[in-house]
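J.: If it helps, the file is called entry_26.cif and holds mmCIF, N, CA and C atoms:
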data_start
#
loop_
_atom_site.group_PDB
_atom_site.id
_atom_site.type_symbol
_atom_site.label_atom_id
_atom_site.label_comp_id
_atom_site.auth_asym_id
_atom_site.auth_seq_id
_atom_site.Cartn_x
_atom_site.Cartn_y
_atom_site.Cartn_z
ATOM 1 N N ILE A 18 -0.582 11.109 -10.013
ATOM 2 C CA ILE A 18 -0.501 12.005 -8.874
ATOM 3 C C ILE A 18 0.178 11.268 -7.728
ATOM 4 N N GLU A 19 1.217 11.881 -7.187
ATOM 5 C CA GLU A 19 1.938 11.282 -6.068
ATOM 6 C C GLU A 19 1.767 12.059 -4.772
ATOM 7 N N PHE A 20 1.367 13.326 -4.874
ATOM 8 C CA PHE A 20 1.345 14.222 -3.724
ATOM 9 C C PHE A 20 0.159 15.170 -3.842
ATOM 10 N N ILE A 21 -0.597 15.331 -2.752
ATOM 11 C CA ILE A 21 -1.648 16.342 -2.693
ATOM 12 C C ILE A 21 -1.204 17.342 -1.635
ATOM 13 N N GLY A 22 -1.017 18.580 -2.036
ATOM 14 C CA GLY A 22 -0.408 19.593 -1.186
ATOM 15 C C GLY A 22 -1.310 20.177 -0.118
ATOM 16 N N GLU A 23 -0.667 20.903 0.778
ATOM 17 C CA GLU A 23 -1.343 21.565 1.887
ATOM 18 C C GLU A 23 -2.452 22.479 1.373
ATOM 19 N N ASN A 24 -3.637 22.341 1.963
ATOM 20 C CA ASN A 24 -4.812 23.161 1.639
ATOM 21 C C ASN A 24 -5.289 23.015 0.194
ATOM 22 N N ALA A 25 -4.904 21.966 -0.503
ATOM 23 C CA ALA A 25 -5.229 21.813 -1.926
ATOM 24 C C ALA A 25 -6.722 21.938 -2.216
ATOM 25 N N PHE A 26 -7.553 21.332 -1.394
ATOM 26 C CA PHE A 26 -9.002 21.370 -1.597
ATOM 27 C C PHE A 26 -9.706 21.934 -0.359
ATOM 28 N N TYR A 27 -9.035 22.794 0.362
ATOM 29 C CA TYR A 27 -9.537 23.370 1.609
ATOM 30 C C TYR A 27 -10.909 24.005 1.397
ATOM 31 N N ASN A 28 -11.880 23.550 2.183
ATOM 32 C CA ASN A 28 -13.254 24.062 2.155
ATOM 33 C C ASN A 28 -13.931 23.958 0.793
ATOM 34 N N CYS A 29 -13.578 22.980 -0.007
ATOM 35 C CA CYS A 29 -14.282 22.728 -1.265
ATOM 36 C C CYS A 29 -15.547 21.938 -0.939
ATOM 37 N N SER A 30 -16.517 22.621 -0.409
ATOM 38 C CA SER A 30 -17.720 21.956 0.089
ATOM 39 C C SER A 30 -18.559 21.322 -1.018
ATOM 40 N N ALA A 31 -18.337 21.675 -2.261
ATOM 41 C CA ALA A 31 -19.073 21.087 -3.372
ATOM 42 C C ALA A 31 -18.397 19.822 -3.919
ATOM 43 N N LEU A 32 -17.204 19.525 -3.448
ATOM 44 C CA LEU A 32 -16.467 18.348 -3.914
ATOM 45 C C LEU A 32 -17.089 17.097 -3.303
ATOM 46 N N GLU A 33 -17.813 16.331 -4.129
ATOM 47 C CA GLU A 33 -18.577 15.194 -3.629
ATOM 48 C C GLU A 33 -17.799 13.889 -3.615
ATOM 49 N N ASN A 34 -17.062 13.636 -4.653
ATOM 50 C CA ASN A 34 -16.354 12.370 -4.775
ATOM 51 C C ASN A 34 -14.912 12.623 -5.162
ATOM 52 N N VAL A 35 -14.055 11.802 -4.606
ATOM 53 C CA VAL A 35 -12.655 11.868 -4.983
ATOM 54 C C VAL A 35 -12.136 10.436 -5.038
ATOM 55 N N GLU A 36 -11.474 10.111 -6.119
ATOM 56 C CA GLU A 36 -10.867 8.797 -6.249
ATOM 57 C C GLU A 36 -9.357 9.005 -6.199
ATOM 58 N N LEU A 37 -8.775 8.576 -5.101
ATOM 59 C CA LEU A 37 -7.342 8.750 -4.910
ATOM 60 C C LEU A 37 -6.599 7.617 -5.606
ATOM 61 N N PRO A 38 -5.617 7.940 -6.451
ATOM 62 C CA PRO A 38 -4.926 6.913 -7.233
ATOM 63 C C PRO A 38 -3.927 6.110 -6.393
ATOM 64 N N ASN A 39 -3.616 4.924 -6.854
ATOM 65 C CA ASN A 39 -2.642 4.062 -6.178
ATOM 66 C C ASN A 39 -1.219 4.606 -6.264
ATOM 67 N N SER A 40 -1.010 5.622 -7.070
ATOM 68 C CA SER A 40 0.317 6.256 -7.159
ATOM 69 C C SER A 40 0.532 7.288 -6.048
ATOM 70 N N LEU A 41 -0.522 7.629 -5.335
ATOM 71 C CA LEU A 41 -0.453 8.666 -4.302
ATOM 72 C C LEU A 41 0.318 8.170 -3.087
ATOM 73 N N HIS A 42 1.277 8.982 -2.599
ATOM 74 C CA HIS A 42 2.028 8.589 -1.404
ATOM 75 C C HIS A 42 1.889 9.592 -0.270
ATOM 76 N N THR A 43 1.501 10.849 -0.561
ATOM 77 C CA THR A 43 1.397 11.858 0.484
ATOM 78 C C THR A 43 0.141 12.694 0.323
ATOM 79 N N ILE A 44 -0.579 12.850 1.442
ATOM 80 C CA ILE A 44 -1.693 13.794 1.526
ATOM 81 C C ILE A 44 -1.283 14.779 2.614
ATOM 82 N N ASP A 45 -1.032 16.010 2.219
ATOM 83 C CA ASP A 45 -0.462 16.994 3.133
ATOM 84 C C ASP A 45 -1.526 17.578 4.078
ATOM 85 N N GLU A 46 -1.059 18.393 5.017
ATOM 86 C CA GLU A 46 -1.917 18.998 6.028
ATOM 87 C C GLU A 46 -3.089 19.756 5.408
ATOM 88 N N PHE A 47 -4.261 19.571 5.998
ATOM 89 C CA PHE A 47 -5.481 20.293 5.632
ATOM 90 C C PHE A 47 -5.865 20.131 4.156
ATOM 91 N N ALA A 48 -5.349 19.118 3.477
ATOM 92 C CA ALA A 48 -5.572 18.957 2.035
ATOM 93 C C ALA A 48 -7.050 18.929 1.662
ATOM 94 N N PHE A 49 -7.862 18.246 2.445
ATOM 95 C CA PHE A 49 -9.289 18.137 2.151
ATOM 96 C C PHE A 49 -10.146 18.698 3.287
ATOM 97 N N TYR A 50 -9.580 19.549 4.080
ATOM 98 C CA TYR A 50 -10.288 20.148 5.216
ATOM 99 C C TYR A 50 -11.594 20.783 4.745
ATOM 100 N N GLY A 51 -12.681 20.438 5.421
ATOM 101 C CA GLY A 51 -13.962 21.081 5.134
ATOM 102 C C GLY A 51 -14.665 20.611 3.879
ATOM 103 N N CYS A 52 -14.254 19.496 3.330
ATOM 104 C CA CYS A 52 -14.953 18.939 2.158
ATOM 105 C C CYS A 52 -16.181 18.188 2.671
ATOM 106 N N THR A 53 -17.214 18.932 2.964
ATOM 107 C CA THR A 53 -18.375 18.403 3.664
ATOM 108 C C THR A 53 -19.285 17.529 2.807
ATOM 109 N N ALA A 54 -19.096 17.503 1.509
ATOM 110 C CA ALA A 54 -19.950 16.690 0.648
ATOM 111 C C ALA A 54 -19.468 15.239 0.532
ATOM 112 N N PHE A 55 -18.255 14.951 0.998
ATOM 113 C CA PHE A 55 -17.752 13.568 0.961
ATOM 114 C C PHE A 55 -18.665 12.662 1.778
ATOM 115 N N THR A 56 -19.033 11.526 1.215
ATOM 116 C CA THR A 56 -19.734 10.498 1.992
ATOM 117 C C THR A 56 -18.922 9.216 2.061
ATOM 118 N N LYS A 57 -17.994 9.074 1.132
ATOM 119 C CA LYS A 57 -17.160 7.874 1.075
ATOM 120 C C LYS A 57 -15.725 8.311 0.811
ATOM 121 N N LEU A 58 -14.797 7.642 1.477
ATOM 122 C CA LEU A 58 -13.385 7.961 1.281
ATOM 123 C C LEU A 58 -12.574 6.683 1.360
ATOM 124 N N VAL A 59 -11.802 6.419 0.324
ATOM 125 C CA VAL A 59 -10.898 5.276 0.297
ATOM 126 C C VAL A 59 -9.485 5.820 0.131
ATOM 127 N N ILE A 60 -8.668 5.611 1.143
ATOM 128 C CA ILE A 60 -7.272 6.024 1.082
ATOM 129 C C ILE A 60 -6.472 4.803 0.636
ATOM 130 N N PRO A 61 -5.792 4.890 -0.500
ATOM 131 C CA PRO A 61 -5.079 3.721 -1.015
ATOM 132 C C PRO A 61 -3.895 3.308 -0.135
ATOM 133 N N ASN A 62 -3.530 2.049 -0.222
ATOM 134 C CA ASN A 62 -2.400 1.509 0.541
ATOM 135 C C ASN A 62 -1.084 2.191 0.209
ATOM 136 N N SER A 63 -1.006 2.828 -0.939
ATOM 137 C CA SER A 63 0.228 3.487 -1.356
ATOM 138 C C SER A 63 0.536 4.735 -0.524
ATOM 139 N N VAL A 64 -0.461 5.279 0.164
ATOM 140 C CA VAL A 64 -0.263 6.486 0.968
ATOM 141 C C VAL A 64 0.559 6.133 2.204
ATOM 142 N N THR A 65 1.684 6.831 2.358
ATOM 143 C CA THR A 65 2.562 6.582 3.506
ATOM 144 C C THR A 65 2.605 7.771 4.461
ATOM 145 N N GLU A 66 2.136 8.925 4.001
ATOM 146 C CA GLU A 66 2.120 10.114 4.855
ATOM 147 C C GLU A 66 0.750 10.771 4.771
ATOM 148 N N LEU A 67 0.154 10.952 5.932
ATOM 149 C CA LEU A 67 -1.155 11.596 6.022
ATOM 150 C C LEU A 67 -0.992 12.816 6.916
ATOM 151 N N GLY A 68 -1.117 13.993 6.331
ATOM 152 C CA GLY A 68 -0.875 15.234 7.048
ATOM 153 C C GLY A 68 -1.883 15.517 8.145
ATOM 154 N N HIS A 69 -1.467 16.335 9.070
ATOM 155 C CA HIS A 69 -2.268 16.760 10.208
ATOM 156 C C HIS A 69 -3.603 17.335 9.733
ATOM 157 N N ARG A 70 -4.686 16.785 10.237
ATOM 158 C CA ARG A 70 -6.046 17.251 9.953
ATOM 159 C C ARG A 70 -6.351 17.333 8.462
ATOM 160 N N SER A 71 -5.807 16.416 7.709
ATOM 161 C CA SER A 71 -6.004 16.438 6.260
ATOM 162 C C SER A 71 -7.450 16.235 5.842
ATOM 163 N N PHE A 72 -8.257 15.628 6.707
ATOM 164 C CA PHE A 72 -9.676 15.423 6.403
ATOM 165 C C PHE A 72 -10.579 15.997 7.497
ATOM 166 N N ARG A 73 -10.067 16.934 8.266
ATOM 167 C CA ARG A 73 -10.868 17.530 9.335
ATOM 168 C C ARG A 73 -12.106 18.205 8.760
ATOM 169 N N GLU A 74 -13.195 18.098 9.496
ATOM 170 C CA GLU A 74 -14.487 18.692 9.141
ATOM 171 C C GLU A 74 -15.130 18.065 7.900
ATOM 172 N N CYS A 75 -14.686 16.894 7.518
ATOM 173 C CA CYS A 75 -15.386 16.124 6.477
ATOM 174 C C CYS A 75 -16.477 15.336 7.197
ATOM 175 N N VAL A 76 -17.476 16.059 7.647
ATOM 176 C CA VAL A 76 -18.449 15.544 8.617
ATOM 177 C C VAL A 76 -19.477 14.566 8.064
ATOM 178 N N ASN A 77 -19.531 14.396 6.759
ATOM 179 C CA ASN A 77 -20.540 13.505 6.177
ATOM 180 C C ASN A 77 -19.979 12.177 5.700
ATOM 181 N N ILE A 78 -18.724 11.884 6.022
ATOM 182 C CA ILE A 78 -18.154 10.592 5.636
ATOM 183 C C ILE A 78 -18.877 9.491 6.393
ATOM 184 N N LYS A 79 -19.453 8.569 5.641
ATOM 185 C CA LYS A 79 -20.153 7.427 6.227
ATOM 186 C C LYS A 79 -19.388 6.130 6.007
ATOM 187 N N ASN A 80 -18.505 6.130 5.015
ATOM 188 C CA ASN A 80 -17.759 4.931 4.642
ATOM 189 C C ASN A 80 -16.298 5.336 4.466
ATOM 190 N N LEU A 81 -15.455 4.849 5.380
ATOM 191 C CA LEU A 81 -14.038 5.214 5.370
ATOM 192 C C LEU A 81 -13.178 3.969 5.302
ATOM 193 N N THR A 82 -12.276 3.949 4.340
ATOM 194 C CA THR A 82 -11.289 2.875 4.236
ATOM 195 C C THR A 82 -9.918 3.518 4.372
ATOM 196 N N ILE A 83 -9.192 3.071 5.398
ATOM 197 C CA ILE A 83 -7.866 3.632 5.668
ATOM 198 C C ILE A 83 -6.893 2.483 5.903
ATOM 199 N N PRO A 84 -5.721 2.514 5.267
ATOM 200 C CA PRO A 84 -4.746 1.437 5.464
ATOM 201 C C PRO A 84 -4.291 1.353 6.921
ATOM 202 N N ALA A 85 -4.103 0.150 7.389
ATOM 203 C CA ALA A 85 -3.708 -0.082 8.779
ATOM 204 C C ALA A 85 -2.405 0.629 9.130
ATOM 205 N N HIS A 86 -1.476 0.736 8.178
ATOM 206 C CA HIS A 86 -0.190 1.358 8.491
ATOM 207 C C HIS A 86 -0.301 2.859 8.757
ATOM 208 N N LEU A 87 -1.450 3.473 8.460
ATOM 209 C CA LEU A 87 -1.646 4.891 8.746
ATOM 210 C C LEU A 87 -2.317 5.136 10.092
ATOM 211 N N VAL A 88 -2.799 4.076 10.708
ATOM 212 C CA VAL A 88 -3.486 4.209 11.991
ATOM 213 C C VAL A 88 -2.450 4.074 13.102
ATOM 214 N N PRO A 89 -2.322 5.110 13.932
ATOM 215 C CA PRO A 89 -1.342 5.030 15.023
ATOM 216 C C PRO A 89 -1.592 3.834 15.930
ATOM 217 N N LYS A 90 -0.530 3.298 16.489
ATOM 218 C CA LYS A 90 -0.627 2.106 17.332
ATOM 219 C C LYS A 90 -1.545 2.292 18.527
ATOM 220 N N GLN A 91 -1.676 3.515 19.036
ATOM 221 C CA GLN A 91 -2.512 3.730 20.204
ATOM 222 C C GLN A 91 -4.011 3.704 19.882
ATOM 223 N N VAL A 92 -4.369 3.689 18.600
ATOM 224 C CA VAL A 92 -5.775 3.620 18.227
ATOM 225 C C VAL A 92 -6.262 2.195 18.439
ATOM 226 N N THR A 93 -7.294 2.054 19.245
ATOM 227 C CA THR A 93 -7.799 0.718 19.562
ATOM 228 C C THR A 93 -9.242 0.513 19.144
ATOM 229 N N GLU A 94 -9.940 1.570 18.791
ATOM 230 C CA GLU A 94 -11.338 1.464 18.402
ATOM 231 C C GLU A 94 -11.594 2.314 17.171
ATOM 232 N N ILE A 95 -12.635 1.952 16.426
ATOM 233 C CA ILE A 95 -12.980 2.695 15.222
ATOM 234 C C ILE A 95 -13.315 4.147 15.558
ATOM 235 N N THR A 96 -13.869 4.405 16.724
ATOM 236 C CA THR A 96 -14.166 5.789 17.092
ATOM 237 C C THR A 96 -12.891 6.613 17.160
ATOM 238 N N ASP A 97 -11.771 5.987 17.518
ATOM 239 C CA ASP A 97 -10.489 6.684 17.546
ATOM 240 C C ASP A 97 -10.053 7.085 16.150
ATOM 241 N N VAL A 98 -10.299 6.216 15.164
ATOM 242 C CA VAL A 98 -9.954 6.533 13.777
ATOM 243 C C VAL A 98 -10.774 7.726 13.310
ATOM 244 N N PHE A 99 -12.063 7.727 13.612
ATOM 245 C CA PHE A 99 -12.896 8.850 13.206
ATOM 246 C C PHE A 99 -12.467 10.129 13.908
ATOM 247 N N TYR A 100 -12.014 10.015 15.140
ATOM 248 C CA TYR A 100 -11.522 11.198 15.853
ATOM 249 C C TYR A 100 -10.309 11.786 15.131
ATOM 250 N N MET A 101 -9.470 10.920 14.580
ATOM 251 C CA MET A 101 -8.308 11.394 13.819
ATOM 252 C C MET A 101 -8.741 12.294 12.672
ATOM 253 N N PHE A 102 -9.906 11.986 12.111
ATOM 254 C CA PHE A 102 -10.405 12.732 10.966
ATOM 255 C C PHE A 102 -11.379 13.838 11.379
ATOM 256 N N TYR A 103 -11.727 13.897 12.657
ATOM 257 C CA TYR A 103 -12.666 14.878 13.156
ATOM 258 C C TYR A 103 -13.981 14.802 12.397
ATOM 259 N N VAL A 104 -14.490 13.599 12.232
ATOM 260 C CA VAL A 104 -15.783 13.393 11.607
ATOM 261 C C VAL A 104 -16.731 12.814 12.640
ATOM 262 N N VAL A 105 -17.977 12.754 12.286
ATOM 263 C CA VAL A 105 -19.010 12.322 13.211
ATOM 264 C C VAL A 105 -19.455 10.911 12.865
ATOM 265 N N LEU A 106 -19.514 10.056 13.870
ATOM 266 C CA LEU A 106 -20.074 8.727 13.673
ATOM 267 C C LEU A 106 -21.587 8.838 13.727
ATOM 268 N N SER A 107 -22.270 8.214 12.779
ATOM 269 C CA SER A 107 -23.738 8.285 12.808
ATOM 270 C C SER A 107 -24.325 6.912 13.015
#
Can the structure from this file be put into structure tokens for me?

T.:
Amino acid sequence: IEFIGENAFYNCSALENVELPNSLHTIDEFAFYGCTAFTKLVIPNSVTELGHRSFRECVNIKNLTIPAHLVPKQVTEITDVFYMFYVVLS
């Protein structure tokens, strides 16, 4: 898998775990929007494009790994990274 399209898993609230392959390079807009069962998310280093609000409302993520090259330069704190994903810090 190299590409996950727009709205691919939109509001799949029962989707608990996802293992993104190292072949993945693009996660499109709203791809995982509303996947509220996620608790852990690892975005592989191979991802070069992360669509707008691709993980918005994934409110139960407790463990997030995101490659540094996907974090905008203006982000200076971990709370800023979580804001990008619109998730809640607990």

J.: Kindly resolve the PyMOL selection byres ((chain A and resi 44) around 7) on the present coordinates and return the residues as a short mmCIF file (atom, residue, chain, number, x, y, z; two decimals) with N, CA and C atoms, in the coordinates of the input.

T.:
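Result file is result36.cif:
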data_model
loop_
_atom_site.label_atom_id
_atom_site.label_comp_id
_atom_site.auth_asym_id
_atom_site.auth_seq_id
_atom_site.Cartn_x
_atom_site.Cartn_y
_atom_site.Cartn_z
N GLU A 19 1.22 11.88 -7.19
CA GLU A 19 1.94 11.28 -6.07
C GLU A 19 1.77 12.06 -4.77
N PHE A 20 1.37 13.33 -4.87
CA PHE A 20 1.34 14.22 -3.72
C PHE A 20 0.16 15.17 -3.84
N ILE A 21 -0.60 15.33 -2.75
CA ILE A 21 -1.65 16.34 -2.69
C ILE A 21 -1.20 17.34 -1.64
N GLY A 22 -1.02 18.58 -2.04
CA GLY A 22 -0.41 19.59 -1.19
C GLY A 22 -1.31 20.18 -0.12
N GLU A 23 -0.67 20.90 0.78
CA GLU A 23 -1.34 21.56 1.89
C GLU A 23 -2.45 22.48 1.37
N LEU A 41 -0.52 7.63 -5.34
CA LEU A 41 -0.45 8.67 -4.30
C LEU A 41 0.32 8.17 -3.09
N HIS A 42 1.28 8.98 -2.60
CA HIS A 42 2.03 8.59 -1.40
C HIS A 42 1.89 9.59 -0.27
N THR A 43 1.50 10.85 -0.56
CA THR A 43 1.40 11.86 0.48
C THR A 43 0.14 12.69 0.32
N ASP A 45 -1.03 16.01 2.22
CA ASP A 45 -0.46 16.99 3.13
C ASP A 45 -1.53 17.58 4.08
N GLU A 46 -1.06 18.39 5.02
CA GLU A 46 -1.92 19.00 6.03
C GLU A 46 -3.09 19.76 5.41
N PHE A 47 -4.26 19.57 6.00
CA PHE A 47 -5.48 20.29 5.63
C PHE A 47 -5.86 20.13 4.16
N ALA A 48 -5.35 19.12 3.48
CA ALA A 48 -5.57 18.96 2.04
C ALA A 48 -7.05 18.93 1.66
N VAL A 64 -0.46 5.28 0.16
CA VAL A 64 -0.26 6.49 0.97
C VAL A 64 0.56 6.13 2.20
N THR A 65 1.68 6.83 2.36
CA THR A 65 2.56 6.58 3.51
C THR A 65 2.60 7.77 4.46
N GLU A 66 2.14 8.93 4.00
CA GLU A 66 2.12 10.11 4.86
C GLU A 66 0.75 10.77 4.77
N LEU A 67 0.15 10.95 5.93
CA LEU A 67 -1.16 11.60 6.02
C LEU A 67 -0.99 12.82 6.92
N GLY A 68 -1.12 13.99 6.33
CA GLY A 68 -0.88 15.23 7.05
C GLY A 68 -1.88 15.52 8.14
N HIS A 69 -1.47 16.34 9.07
CA HIS A 69 -2.27 16.76 10.21
C HIS A 69 -3.60 17.34 9.73
N SER A 71 -5.81 16.42 7.71
CA SER A 71 -6.00 16.44 6.26
C SER A 71 -7.45 16.24 5.84
#

J.: Check what the PyMOL selection byres (((chain A and resi 58 and name CA) around 7) and name CA) selects in the file above and give those residues as a VMD selection string.

T.: chain A and resid 56 to 57 59 to 60 78 80 to 82

J.: What box, with edges along x, y and z, holds each listed atom of range 70-80 of chain A when 6 Å is added on every side, and can you state its centre and edge lengths in Å to one decimal, as lines of an AutoDock Vina configuration file?

T.:
center_x = -12.6
center_y = 11.8
center_z = 7.4
size_x = 27.9
size_y = 25.8
size_z = 17.8

J.: Rank nothing, just name the residue among A:Thr53, A:Ser40, A:Asn62, A:Asn34 nearest to Cys75 in chain A, using only N, CA and C atoms.

T.: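 Of the candidates, the smallest distance to Cys75 in chain A is held by A:Thr53.
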
J.: Of the residues A:Val88, A:Ala25, A:Ile83, A:Ile18, which is the one nearest to Asn39 in chain A, using only N, CA and C atoms?

T.: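 Ranked by minimum distance to Asn39 in chain A, first place goes to A:Ile18.
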
J.: Record the distance separating CA of Ala31 in chain A and atom C of Pro61 in chain A, expressed in Å with one decimal.

T.: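 If I compute the distance from CA of Ala31 in chain A to atom C of Pro61 in chain A, I get 23.6 Å.
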
J.: Under the PyMOL selection byres (((chain A and resi 32 and name CA) around 9) and name CA), which residues of this model are included? Write them out as a PyMOL selection string.

T.: chain A and resi 26+28-31+33-35+52-55

J.: Of the residues A:Glu36, A:Phe72, A:Ser63, A:Tyr27, which is the one nearest to Ala85 in chain A, using only C-alpha atoms?

T.: A:Ser63

J.: One number please: atom C of Asn24 in chain A to CA of His86 in chain A, in Å, one decimal.

T.: 23.7 Å

J.: Any idea what the distance is between atom N of Glu74 in chain A and CA of Pro38 in chain A?

T.: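 Pair atom N of Glu74 in chain A / CA of Pro38 in chain A returns 21.8 Å.
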
J.: Produce range 74-91 of chain A of the given structure as output with N, CA and C atoms, as a compact mmCIF listing (two decimals), in the first residue's frame.

T.:
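Printed below is result.txt as written:
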# COMPACT_ATOMS: atom_id res chain seq x y z
N GLU A 74 -10.48 13.98 15.18
CA GLU A 74 -11.46 13.29 16.03
C GLU A 74 -11.05 11.86 16.41
N CYS A 75 -9.79 11.54 16.27
CA CYS A 75 -9.27 10.28 16.81
C CYS A 75 -8.91 10.56 18.27
N VAL A 76 -9.94 10.74 19.07
CA VAL A 76 -9.80 11.31 20.41
C VAL A 76 -9.21 10.39 21.47
N ASN A 77 -9.03 9.12 21.15
CA ASN A 77 -8.51 8.19 22.16
C ASN A 77 -7.06 7.80 21.93
N ILE A 78 -6.37 8.47 21.01
CA ILE A 78 -4.96 8.17 20.80
C ILE A 78 -4.18 8.58 22.05
N LYS A 79 -3.48 7.61 22.62
CA LYS A 79 -2.66 7.86 23.80
C LYS A 79 -1.17 7.78 23.47
N ASN A 80 -0.85 7.11 22.37
CA ASN A 80 0.54 6.89 21.97
C ASN A 80 0.65 7.21 20.48
N LEU A 81 1.36 8.30 20.18
CA LEU A 81 1.49 8.76 18.80
C LEU A 81 2.95 8.86 18.41
N THR A 82 3.30 8.22 17.31
CA THR A 82 4.64 8.34 16.75
C THR A 82 4.49 8.95 15.36
N ILE A 83 5.13 10.11 15.19
CA ILE A 83 5.03 10.82 13.91
C ILE A 83 6.43 11.25 13.49
N PRO A 84 6.81 11.01 12.23
CA PRO A 84 8.15 11.41 11.78
C PRO A 84 8.34 12.93 11.86
N ALA A 85 9.52 13.33 12.24
CA ALA A 85 9.83 14.75 12.40
C ALA A 85 9.59 15.54 11.12
N HIS A 86 9.82 14.94 9.96
CA HIS A 86 9.66 15.68 8.71
C HIS A 86 8.20 16.02 8.41
N LEU A 87 7.24 15.43 9.14
CA LEU A 87 5.83 15.76 8.94
C LEU A 87 5.34 16.85 9.89
N VAL A 88 6.16 17.20 10.86
CA VAL A 88 5.77 18.21 11.84
C VAL A 88 6.22 19.57 11.31
N PRO A 89 5.26 20.48 11.12
CA PRO A 89 5.63 21.81 10.63
C PRO A 89 6.65 22.50 11.53
N LYS A 90 7.49 23.31 10.93
CA LYS A 90 8.56 23.98 11.67
C LYS A 90 8.05 24.85 12.81
N GLN A 91 6.84 25.39 12.69
CA GLN A 91 6.32 26.25 13.74
C GLN A 91 5.86 25.48 14.98
